[in-house]
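Data file: run29.cif. Format and content: mmCIF, C-alpha atoms.
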```cif
data_coords
#
loop_
_atom_site.label_atom_id
_atom_site.label_comp_id
_atom_site.auth_asym_id
_atom_site.auth_seq_id
_atom_site.Cartn_x
_atom_site.Cartn_y
_atom_site.Cartn_z
CA MET A 1 -0.07 8.48 32.09
CA GLY A 2 -0.52 11.89 30.48
CA LEU A 3 2.78 13.60 31.24
CA LYS A 4 3.08 17.37 31.18
CA SER A 5 3.75 18.92 27.79
CA GLY A 6 4.94 22.30 26.59
CA GLU A 7 8.15 24.18 27.31
CA HIS A 8 8.65 22.53 30.71
CA GLY A 9 7.35 19.09 29.74
CA VAL A 10 9.28 15.83 29.57
CA LYS A 11 9.79 15.85 25.81
CA ALA A 12 11.18 19.41 25.84
CA LEU A 13 13.48 18.56 28.76
CA PHE A 14 14.84 15.46 27.03
CA ARG A 15 15.45 17.44 23.85
CA ARG A 16 17.59 19.88 25.83
CA VAL A 17 19.50 17.19 27.74
CA ALA A 18 19.92 14.80 24.80
CA PRO A 19 19.65 16.77 21.55
CA ASP A 20 21.50 14.11 19.55
CA ALA A 21 18.87 11.50 20.52
CA PHE A 22 16.17 13.32 18.52
CA TYR A 23 15.81 13.92 14.81
CA ASP A 24 13.09 14.46 12.19
CA ALA A 25 12.19 12.11 9.36
CA PRO A 26 9.82 12.42 6.38
CA SER A 27 8.61 8.79 6.56
CA LEU A 28 9.01 5.50 8.39
CA SER A 29 10.97 4.12 5.44
CA ALA A 30 13.46 6.98 5.83
CA VAL A 31 13.93 6.03 9.50
CA ARG A 32 14.47 2.40 8.53
CA ASP A 33 17.06 3.24 5.90
CA ALA A 34 18.89 5.61 8.26
CA VAL A 35 19.26 2.85 10.87
CA CYS A 36 19.62 -0.25 8.71
CA GLY A 37 21.22 1.31 5.64
CA ALA A 38 19.47 2.19 2.40
CA PRO A 39 19.06 -0.78 0.03
CA GLU A 40 21.72 -0.89 -2.67
CA THR A 41 19.14 -1.92 -5.26
CA ASP A 42 15.46 -1.22 -5.72
CA ALA A 43 14.59 -4.45 -3.88
CA ALA A 44 12.24 -2.80 -1.41
CA ALA A 45 11.09 -6.19 -0.13
CA THR A 46 14.63 -6.93 1.07
CA ALA A 47 14.65 -3.75 3.13
CA ARG A 48 11.16 -4.36 4.51
CA VAL A 49 12.03 -7.70 6.12
CA ARG A 50 14.51 -5.92 8.36
CA ALA A 51 11.85 -3.87 10.14
CA VAL A 52 8.80 -4.42 12.32
CA ALA A 53 6.38 -1.52 12.91
CA VAL A 54 4.26 -1.26 16.06
CA LEU A 55 1.40 1.26 15.85
CA ASP A 56 -0.70 2.75 18.64
CA GLY A 57 -4.20 2.04 17.31
CA ASN A 58 -5.92 4.34 19.80
CA VAL A 59 -3.84 7.23 18.49
CA LEU A 60 -4.58 6.35 14.86
CA LEU A 61 -8.35 6.36 15.34
CA MET A 62 -8.48 9.35 17.66
CA SER A 63 -6.41 11.46 15.26
CA VAL A 64 -8.62 10.97 12.19
CA PRO A 65 -9.55 14.47 10.94
CA GLU A 66 -12.95 15.81 11.99
CA SER A 67 -13.80 16.33 8.34
CA MET A 68 -13.92 12.55 7.86
CA ARG A 69 -17.22 11.90 9.61
CA SER A 70 -18.54 8.61 8.20
CA PHE A 71 -17.62 5.08 9.23
CA ASP A 72 -16.26 4.31 5.76
CA GLU A 73 -14.00 7.37 5.89
CA LEU A 74 -12.77 6.34 9.34
CA CYS A 75 -11.88 2.88 8.04
CA ALA A 76 -10.11 4.35 5.01
CA ALA A 77 -8.01 6.67 7.20
CA PHE A 78 -7.11 3.78 9.50
CA ALA A 79 -6.08 1.57 6.57
CA ALA A 80 -3.96 4.36 5.11
CA HIS A 81 -1.80 4.38 8.25
CA VAL A 82 -1.45 0.59 8.31
CA ASP A 83 -0.63 0.51 4.58
CA ALA A 84 2.04 3.18 5.07
CA ALA A 85 3.63 1.04 7.78
CA LEU A 86 3.51 -2.01 5.48
CA ARG A 87 5.44 -0.10 2.84
CA CYS A 88 8.24 0.19 5.40
CA ALA A 89 8.03 -3.10 7.32
CA SER A 90 6.84 -6.58 6.42
CA VAL A 91 5.35 -7.07 9.90
CA VAL A 92 2.92 -4.53 11.42
CA LEU A 93 1.34 -4.75 14.87
CA VAL A 94 -1.53 -2.43 15.83
CA VAL A 95 -2.20 -2.32 19.59
CA PHE A 96 -5.23 -1.00 21.47
CA ASP A 97 -6.23 -0.47 25.08
CA GLU A 98 -8.34 -3.19 26.70
CA PRO A 99 -10.64 -1.42 29.20
CA GLU A 100 -11.62 -4.76 30.74
CA HIS A 101 -8.05 -5.36 31.92
CA THR A 102 -6.78 -1.95 33.02
CA THR A 103 -5.72 -1.27 36.60
CA GLN A 104 -8.01 0.26 39.20
CA ALA A 105 -5.89 3.43 39.18
CA LYS A 106 -6.33 3.73 35.41
CA ARG A 107 -10.10 3.26 35.66
CA GLU A 108 -10.35 5.97 38.30
CA GLU A 109 -8.31 8.31 36.12
CA GLN A 110 -10.59 7.57 33.14
CA ARG A 111 -13.70 8.33 35.21
CA ALA A 112 -12.22 11.66 36.26
CA ARG A 113 -11.36 12.47 32.64
CA ASP A 114 -14.85 11.53 31.45
CA ALA A 115 -16.41 13.73 34.12
CA ALA A 116 -14.26 16.68 33.07
CA ARG A 117 -15.18 16.13 29.42
CA ALA A 118 -18.90 15.91 30.24
CA ALA A 119 -18.73 19.25 32.06
CA ARG A 120 -17.55 20.89 28.84
CA GLN A 121 -20.32 19.47 26.66
CA PRO A 122 -23.07 21.91 25.61
CA VAL A 123 -26.40 21.39 27.32
CA CYS A 124 -29.12 20.20 24.96
CA SER A 125 -32.35 18.22 25.05
CA ASP A 126 -32.25 14.50 25.81
CA ASP A 127 -33.49 13.47 22.37
CA VAL A 128 -30.55 15.23 20.66
CA THR A 129 -28.00 13.83 23.12
CA LEU A 130 -29.28 10.26 22.88
CA ALA A 131 -29.48 10.38 19.08
CA ALA A 132 -25.85 11.49 18.83
CA LEU A 133 -24.33 9.21 21.47
CA ARG A 134 -26.46 6.07 21.46
CA VAL A 135 -24.47 2.90 20.78
CA PRO A 136 -25.40 1.59 17.30
CA ASP A 137 -27.08 -1.83 17.16
CA THR A 138 -26.12 -2.82 13.61
CA LEU A 139 -23.40 -2.14 11.09
CA ASP A 140 -25.92 -0.46 8.76
CA GLU A 141 -26.86 1.89 11.58
CA LEU A 142 -23.21 2.69 12.16
CA ARG A 143 -22.58 3.29 8.46
CA SER A 144 -25.44 5.79 8.36
CA HIS A 145 -24.32 7.64 11.50
CA PRO A 146 -23.82 11.34 10.65
CA ASP A 147 -20.67 11.79 12.74
CA VAL A 148 -18.71 8.85 14.14
CA HIS A 149 -16.45 11.27 16.04
CA ALA A 150 -19.33 11.86 18.44
CA LEU A 151 -19.28 8.16 19.33
CA LYS A 152 -15.66 8.38 20.47
CA ALA A 153 -16.73 10.66 23.32
CA VAL A 154 -18.56 7.76 25.05
CA ARG A 155 -16.41 4.78 26.02
CA ALA A 156 -19.10 2.15 25.40
CA ALA A 157 -19.86 3.53 21.94
CA ARG A 158 -16.15 3.94 21.22
CA THR A 159 -15.53 0.26 21.95
CA VAL A 160 -18.29 -0.77 19.53
CA LEU A 161 -16.90 1.60 16.89
CA TYR A 162 -13.34 0.32 17.23
CA ASP A 163 -14.43 -3.33 17.12
CA ALA A 164 -16.36 -2.60 13.93
CA VAL A 165 -13.26 -1.02 12.38
CA CYS A 166 -11.26 -4.08 13.40
CA HIS A 167 -13.83 -6.41 11.80
CA TRP A 168 -13.56 -4.43 8.57
CA ALA A 169 -9.75 -4.40 8.73
CA CYS A 170 -9.58 -8.15 9.36
CA HIS A 171 -11.30 -8.85 6.04
CA ARG A 172 -9.03 -6.38 4.25
CA TYR A 173 -5.72 -7.70 5.56
CA ALA A 174 -6.72 -11.37 5.44
CA ARG A 175 -6.96 -10.95 1.66
CA ARG A 176 -3.76 -8.92 1.44
CA CYS A 177 -1.53 -11.10 3.62
CA CYS A 178 -2.78 -14.54 2.57
CA GLY A 179 0.01 -16.14 0.55
CA SER A 180 2.09 -12.95 0.46
CA PRO A 181 5.47 -13.80 -1.13
CA ASP A 182 7.19 -11.31 1.18
CA GLY A 183 5.70 -12.78 4.35
CA ASP A 184 3.57 -9.69 5.01
CA THR A 185 1.92 -9.95 8.42
CA VAL A 186 -0.61 -7.68 10.16
CA VAL A 187 -1.62 -8.24 13.79
CA PHE A 188 -4.35 -6.47 15.80
CA ASP A 189 -3.98 -6.64 19.57
CA GLY A 190 -6.88 -5.62 21.84
CA LEU A 191 -10.05 -5.61 19.72
CA ASP A 192 -12.87 -8.09 19.31
CA PRO A 193 -12.70 -9.02 15.60
CA ARG A 194 -16.32 -10.21 15.55
CA GLY A 195 -17.59 -6.65 15.47
CA PHE A 196 -21.37 -6.63 15.02
CA GLU A 197 -21.31 -10.37 14.37
CA ARG A 198 -20.96 -10.85 18.13
CA ALA A 199 -24.31 -11.85 19.62
CA PRO A 200 -25.91 -9.13 21.80
CA ASP A 201 -25.73 -11.36 24.89
CA ALA A 202 -22.16 -12.56 24.22
CA ALA A 203 -19.32 -11.15 26.29
CA ARG A 204 -16.76 -9.04 24.50
CA ASP A 205 -13.52 -10.97 23.98
CA ALA A 206 -10.74 -8.66 22.91
CA TRP A 207 -7.60 -10.57 22.06
CA ILE A 208 -4.88 -10.91 19.41
CA VAL A 209 -5.77 -11.73 15.82
CA GLY A 210 -3.31 -11.71 12.96
CA PHE A 211 -2.96 -12.44 9.27
CA GLY A 212 0.08 -13.67 7.42
CA ALA A 213 2.70 -16.37 7.75
CA ARG A 214 4.23 -14.99 10.96
CA ALA A 215 1.14 -13.89 12.88
CA ASP A 216 1.28 -16.95 15.16
CA ALA A 217 4.47 -15.60 16.72
CA PHE A 218 2.40 -12.87 18.43
CA GLU A 219 -0.94 -14.62 18.93
CA ALA A 220 0.46 -17.00 21.55
CA ARG A 221 0.69 -14.40 24.34
CA GLU A 222 -1.06 -15.65 27.48
CA GLU A 223 -1.01 -12.54 29.68
CA ARG A 224 -3.66 -9.84 29.41
CA ILE A 225 -2.30 -6.31 29.05
CA GLY A 226 -4.82 -3.55 29.55
CA GLU A 227 -2.92 -0.45 28.39
CA GLY A 228 -1.70 0.15 24.87
CA ASP A 229 1.43 1.92 26.17
CA LEU A 230 2.52 -1.30 27.86
CA LYS A 231 1.71 -3.32 24.75
CA LEU A 232 4.20 -1.19 22.82
CA VAL A 233 6.86 -2.30 25.32
CA TRP A 234 5.75 -5.93 25.12
CA ALA A 235 5.83 -5.91 21.32
CA GLU A 236 9.35 -4.48 21.24
CA ARG A 237 10.53 -7.12 23.71
CA ARG A 238 8.76 -9.88 21.79
CA VAL A 239 10.43 -8.92 18.51
CA ARG A 240 13.83 -9.12 20.18
CA GLU A 241 13.01 -12.63 21.41
CA LEU A 242 11.84 -13.69 17.95
CA ALA A 243 14.93 -12.27 16.24
CA ARG A 244 17.00 -14.51 18.51
CA ASP A 245 14.85 -17.68 18.55
CA ASP A 246 12.71 -17.76 15.39
CA ALA A 247 14.42 -18.15 12.01
CA ARG A 248 11.53 -16.30 10.32
CA PHE A 249 12.63 -13.12 12.13
CA ALA A 250 16.39 -13.58 11.80
CA ALA A 251 16.69 -10.64 9.39
CA VAL A 252 14.87 -8.19 11.70
CA ALA A 253 17.15 -5.41 12.94
CA LEU A 254 14.72 -2.62 13.80
CA VAL A 255 11.47 -2.03 15.67
CA LEU A 256 9.62 1.19 14.84
CA VAL A 257 7.42 2.23 17.78
CA CYS A 258 4.82 4.68 16.43
CA THR A 259 2.68 6.87 18.69
CA ILE A 260 2.22 10.50 19.74
CA ASP A 261 2.04 9.82 23.47
CA THR A 262 5.11 11.13 25.31
CA ASP A 263 4.67 8.30 27.82
CA VAL A 264 6.58 6.22 25.28
CA LEU A 265 9.74 8.20 26.11
CA MET A 266 9.49 6.95 29.70
CA THR A 267 8.77 3.33 28.81
CA SER A 268 11.51 3.28 26.14
CA LEU A 269 14.01 4.79 28.55
CA LEU A 270 13.19 2.15 31.19
CA GLN A 271 13.36 -0.57 28.55
CA GLN A 272 16.79 0.55 27.36
CA ALA A 273 18.14 0.72 30.92
CA GLU A 274 16.90 -2.81 31.55
CA LEU A 275 18.50 -4.07 28.33
CA ARG A 276 21.80 -2.55 29.36
CA ARG A 277 21.56 -4.07 32.85
CA ARG A 278 20.90 -7.54 31.39
CA ALA A 279 23.54 -7.27 28.67
CA ALA A 280 26.03 -9.54 30.46
CA GLU A 281 23.50 -12.38 30.78
CA ASP A 282 21.70 -11.77 27.47
CA PRO A 283 24.39 -11.09 24.85
CA ASP A 284 22.24 -11.77 21.75
CA ALA A 285 22.53 -9.55 18.71
CA GLU A 286 20.89 -6.20 19.40
CA VAL A 287 17.68 -5.21 17.65
CA ARG A 288 17.39 -1.43 17.57
CA ALA A 289 14.19 0.36 18.51
CA ILE A 290 13.33 3.86 17.35
CA VAL A 291 10.40 5.85 18.71
CA CYS A 292 8.53 7.62 15.90
CA MET A 293 6.14 10.33 17.11
CA ARG A 294 3.93 11.53 14.29
CA ASN A 295 3.77 15.32 14.03
CA ALA A 296 0.42 17.08 13.85
CA ARG A 297 -0.56 18.10 10.34
CA GLY A 298 -1.16 21.74 11.02
CA ARG A 299 -2.36 24.13 8.33
CA GLY A 300 -0.94 26.34 5.63
CA ALA A 301 2.24 26.13 3.58
CA ALA A 302 4.44 25.51 6.61
CA ALA A 303 2.51 22.32 7.40
CA ALA A 304 3.49 20.77 4.07
CA GLU A 305 7.18 21.30 4.86
CA ARG A 306 6.96 19.89 8.38
CA PRO A 307 8.60 16.44 8.79
CA ALA A 308 6.09 13.64 9.27
CA TYR A 309 7.85 12.16 12.31
CA ALA A 310 9.85 13.36 15.29
CA CYS A 311 12.07 10.41 16.18
CA CYS A 312 13.93 9.41 19.33
CA ASP A 313 16.76 6.91 19.70
CA PRO A 314 16.40 5.34 23.20
CA VAL A 315 20.05 4.22 23.19
CA GLN A 316 21.28 7.80 22.87
CA LEU A 317 18.58 9.08 25.23
CA GLU A 318 19.56 6.69 28.01
CA ARG A 319 23.24 7.46 27.49
CA ARG A 320 22.72 11.23 27.70
CA VAL A 321 20.34 11.09 30.65
CA CYS A 322 22.84 9.02 32.62
CA ALA A 323 25.67 11.37 31.66
CA HIS A 324 23.52 14.21 32.99
CA LEU A 325 22.96 12.38 36.28
CA TRP A 326 26.57 11.27 36.77
CA SER A 327 28.91 13.99 35.60
CA ALA A 328 31.96 12.97 37.69
CA ARG A 329 32.13 9.21 37.04
CA ALA A 330 30.69 6.40 34.96
CA PRO A 331 27.91 4.60 36.85
CA ALA A 332 27.52 0.84 37.02
CA ASP A 333 24.74 -0.70 34.93
CA GLU A 334 22.65 -1.37 38.05
CA GLU A 335 23.01 2.28 39.06
CA ARG A 336 21.99 3.41 35.59
CA ALA A 337 18.77 1.40 35.77
CA LEU A 338 17.92 2.88 39.18
CA GLY A 339 18.79 6.39 38.03
CA VAL A 340 16.49 6.11 35.01
CA ALA A 341 13.69 4.85 37.30
CA VAL A 342 14.15 7.93 39.52
CA VAL A 343 13.94 10.24 36.48
CA CYS A 344 10.67 8.59 35.36
CA ALA A 345 9.22 8.80 38.86
CA ALA A 346 10.17 12.48 39.09
CA ALA A 347 8.49 13.17 35.74
CA ALA A 348 5.25 11.59 36.98
CA ALA A 349 5.46 13.44 40.31
CA CYS A 350 5.72 16.77 38.49
CA GLY A 351 2.30 16.22 36.93
CA CYS A 352 0.43 13.53 35.04
CA ASP A 353 -3.03 11.93 34.90
CA PHE A 354 -2.46 10.18 38.23
CA THR A 355 -0.78 13.00 40.21
CA ARG A 356 -2.90 15.73 38.57
CA ALA A 357 -1.04 19.05 38.93
CA GLY A 358 1.85 17.30 40.66
CA VAL A 359 2.99 16.25 44.10
CA PRO A 360 3.44 19.34 46.32
#
```
Can you give me the file's structure in the form of C-alpha cells?
Amino acid sequence: MGLKSGEHGVKALFRRVAPDAFYDAPSLSAVRDAVCGAPETDAAATARVRAVAVLDGNVLLMSVPESMRSFDELCAAFAAHVDAALRCASVVLVVFDEPEHTTQAKREEQRARDAARAARQPVCSDDVTLAALRVPDTLDELRSHPDVHALKAVRAARTVLYDAVCHWACHRYARRCCGSPDGDTVVFDGLDPRGFERAPDAARDAWIVGFGARADAFEAREERIGEGDLKLVWAERRVRELARDDARFAAVALVLVCTIDTDVLMTSLLQQAELRRRAAEDPDAEVRAIVCMRNARGRGAAAAERPAYACCDPVQLERRVCAHLWSARAPADEERALGVAVVCAAAAACGCDFTRAGVP
C-alpha cells in the first residue's frame, strides 16, 4: 500500500523500537545458516531442504538495471535472482500481481499513479510515443525492442512483457527441475505461461505453474489473490501447513520472504500476531519466517561493501512492538493481535497509496 519511507517512515520507526529484530546479511544462504545452523559438512543440499524462498517477482523485474535494455538481458537478470534463491533453498516461489483480480480500491490507486506518471513524461510526437510504448505482437518483435524498460511504464505492455519472461523461464526451469535429485522446485504464481503462444483472441489466464517434484503442493490453490503482497503471506502460511501435513516438507524450518516493499513489515507483523493468538489451538512445530529486503546496489566503493539484504525477524518485531505498547503489564494474546492491528492501521493513516498524504 505504499507506506511512507524516510526518517519518519514505518521501517525507520520499527528499527528504533525493535533494533534487535533487524540485521544485515550478505546472502540468503547466510540468513538460512544463521537461523537453521550452518551445515557441519559441505553437504549444501542438506541445508537447502530446510528452506523455502518466496520472491516478489514484480520487484525483481522492476529493479533490473536500466543498462540492461533488451529482452534477453531482462530474462538473464530475472534468472540470476531465481538461481541465487535456489542456491539457498530447494523450493522457490516467485509471486506476481494479478491485475484482473485486484480490489476496486487498488485499481483506483493504480489509475491515480498512472496519471501522475503520465504527467511527468516528456511531450513528444505521436509516432515516437506509439513506437516506444506499443504492445509487441510477437516474440521476435519483443526481442528486437530497443528498450524493454519503456514497456514497463504501460500496464498492458508490462503484462505482455512479464508473461513472455515467464514463458522463457518455464522452459528453463522445467529442464533444471525435472528429475532433480534434491527435489528442486520452482513455482511461478500470477503469470500466463503461454506468453506469445496465447492466441490473440484468447483471454489471459494467469495462474500457478510449477516445475519439480513438489510443485503440486502449491498449484492446488483455488482462491484468486490479486496482490503480490498478499501472496507472500499466503505462501508463508502454506509452507507452514505443508511442513505439518506433507512428509516432503518435513525438513523445512525456514521461509525466506524476499522483497523491497515495506508493506511486508505490516503483513508479517499481522501474521506473527495471528500465529501467537492461535498457538493454543495450533501447537505444531514452528516454521520460522525471515523478511529479507534487498538493499539497493548504489555506486562506488561503498556499494561493494554494503550488505545484500536488510533482514527482519517478525517474532522479535512483534515482541518489541507489543512491549512498546504495554509497558506496565503483559497483554493477553488476543490483546496483542488487536494492538498490532491498531499499529498497522495507524501506519496507513499516516500516509500511503490509499490515504495519500495521510488522514488529517
Each range 249-352 of chain A residue no farther than 12 Å from range 93-105 of chain A, nearest pair in Å, all atoms listed in the file, as a tab-separated table:
```
residue	atom	partner	partner_atom	distance
A:Val255	CA	A:Leu93	CA	10.5
A:Leu256	CA	A:Leu93	CA	10.2
A:Val257	CA	A:Leu93	CA	9.7
A:Cys258	CA	A:Val94	CA	9.6
A:Thr259	CA	A:Val95	CA	10.4
```
Item to check | Expected selection from the PyMOL selection byres ((chain A and resi 240) around 9), given as a PyMOL selection string | outcome: chain A and resi 235-239+241-245+252-253+255+284-288
Next on the checklist: Since I can't run it myself right now, could you work out what the PyMOL selection byres ((chain A and resi 167) around 8) selects here and report it as a PyMOL selection string?
Outcome noted: chain A and resi 163-166+168-171+192-195
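Rounded to one decimal, CA of Leu74 in chain A and CA of Leu142 in chain A lie 11.4 Å from each other.
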Next on the checklist: Running the PyMOL selection byres ((chain A and resi 308) around 7) on this model by hand, what would come out? Give it as a ChimeraX atom specification.
Outcome noted: /A:25-27,294-295,306-307,309
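Using all atoms listed in the file, the shortest contact distance between Val315 in chain A and any of A:Asp182, A:Glu334, A:Glu274, A:Asp24 is found at A:Glu274.
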Checklist entry - When you draw a straight line from CA of Ala53 in chain A to CA of Val91 in chain A, how long is it in Å? => result 6.4 Å
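Compared by their closest atoms to Ala250 in chain A, and using all atoms listed in the file, the residues A:Val59, A:Ala112, A:Val52, A:Ala76 rank with A:Val52 nearest.
For the set A:Leu161, A:Val35, A:Ala199, A:Ala156, the residue with the smallest atom-to-atom gap to Ala51 in chain A is A:Val35, counting all atoms listed in the file.
Counting only C-alpha atoms and comparing A:Ser90, A:Glu7, A:Lys106, A:Ser144, the residue that lies closest to Ser70 in chain A is A:Ser144.
CA of Gly190 in chain A lies 18.2 Å from CA of Arg214 in chain A.
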Checklist entry - Restricting the calculation to all atoms listed in the file, which member of A:Asp189, A:Asp353, A:Asp313, A:Asp147 is positioned closest to Phe71 in chain A? => result A:Asp147
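Shortest atom-to-atom contact with Arg175 in chain A among A:Phe249, A:Leu232, A:Ala273, A:Gly212: A:Gly212, counting all atoms listed in the file.
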Next on the checklist: Just want the 9 Å neighbourhood of range 321-329 of chain A, counted on only C-alpha atoms, with same-chain residues fewer than 6 positions away dropped. Output as a PyMOL selection string.
Outcome noted: chain A and resi 14+17-18+336+339-340+343
Using only C-alpha atoms, please write the residues we just selected to a file, as a PDB file, in the frame of the given file.
```pdb
ATOM      1  CA  PHE A  14      14.840  15.460  27.030  1.00  0.00           C
ATOM      2  CA  VAL A  17      19.500  17.190  27.740  1.00  0.00           C
ATOM      3  CA  ALA A  18      19.920  14.800  24.800  1.00  0.00           C
ATOM      4  CA  ARG A 336      21.990   3.410  35.590  1.00  0.00           C
ATOM      5  CA  GLY A 339      18.790   6.390  38.030  1.00  0.00           C
ATOM      6  CA  VAL A 340      16.490   6.110  35.010  1.00  0.00           C
ATOM      7  CA  VAL A 343      13.940  10.240  36.480  1.00  0.00           C
TER       8      VAL A 343
END
```
Produce a table with one row for each residue of range 190-277 of chain A that has an atom at most 10 Å from any atom of range 8-11 of chain A, each row naming the nearest atom pair and its distance in Å at one decimal; use all atoms listed in the file; arrange rows by chain and rising residue number; format as JSON lines.
```
{"residue": "A:Thr262", "atom": "CA", "partner": "A:Lys11", "partner_atom": "CA", "distance": 6.7}
{"residue": "A:Asp263", "atom": "CA", "partner": "A:Val10", "partner_atom": "CA", "distance": 9.0}
{"residue": "A:Leu265", "atom": "CA", "partner": "A:Lys11", "partner_atom": "CA", "distance": 7.7}
{"residue": "A:Met266", "atom": "CA", "partner": "A:Val10", "partner_atom": "CA", "distance": 8.9}
```
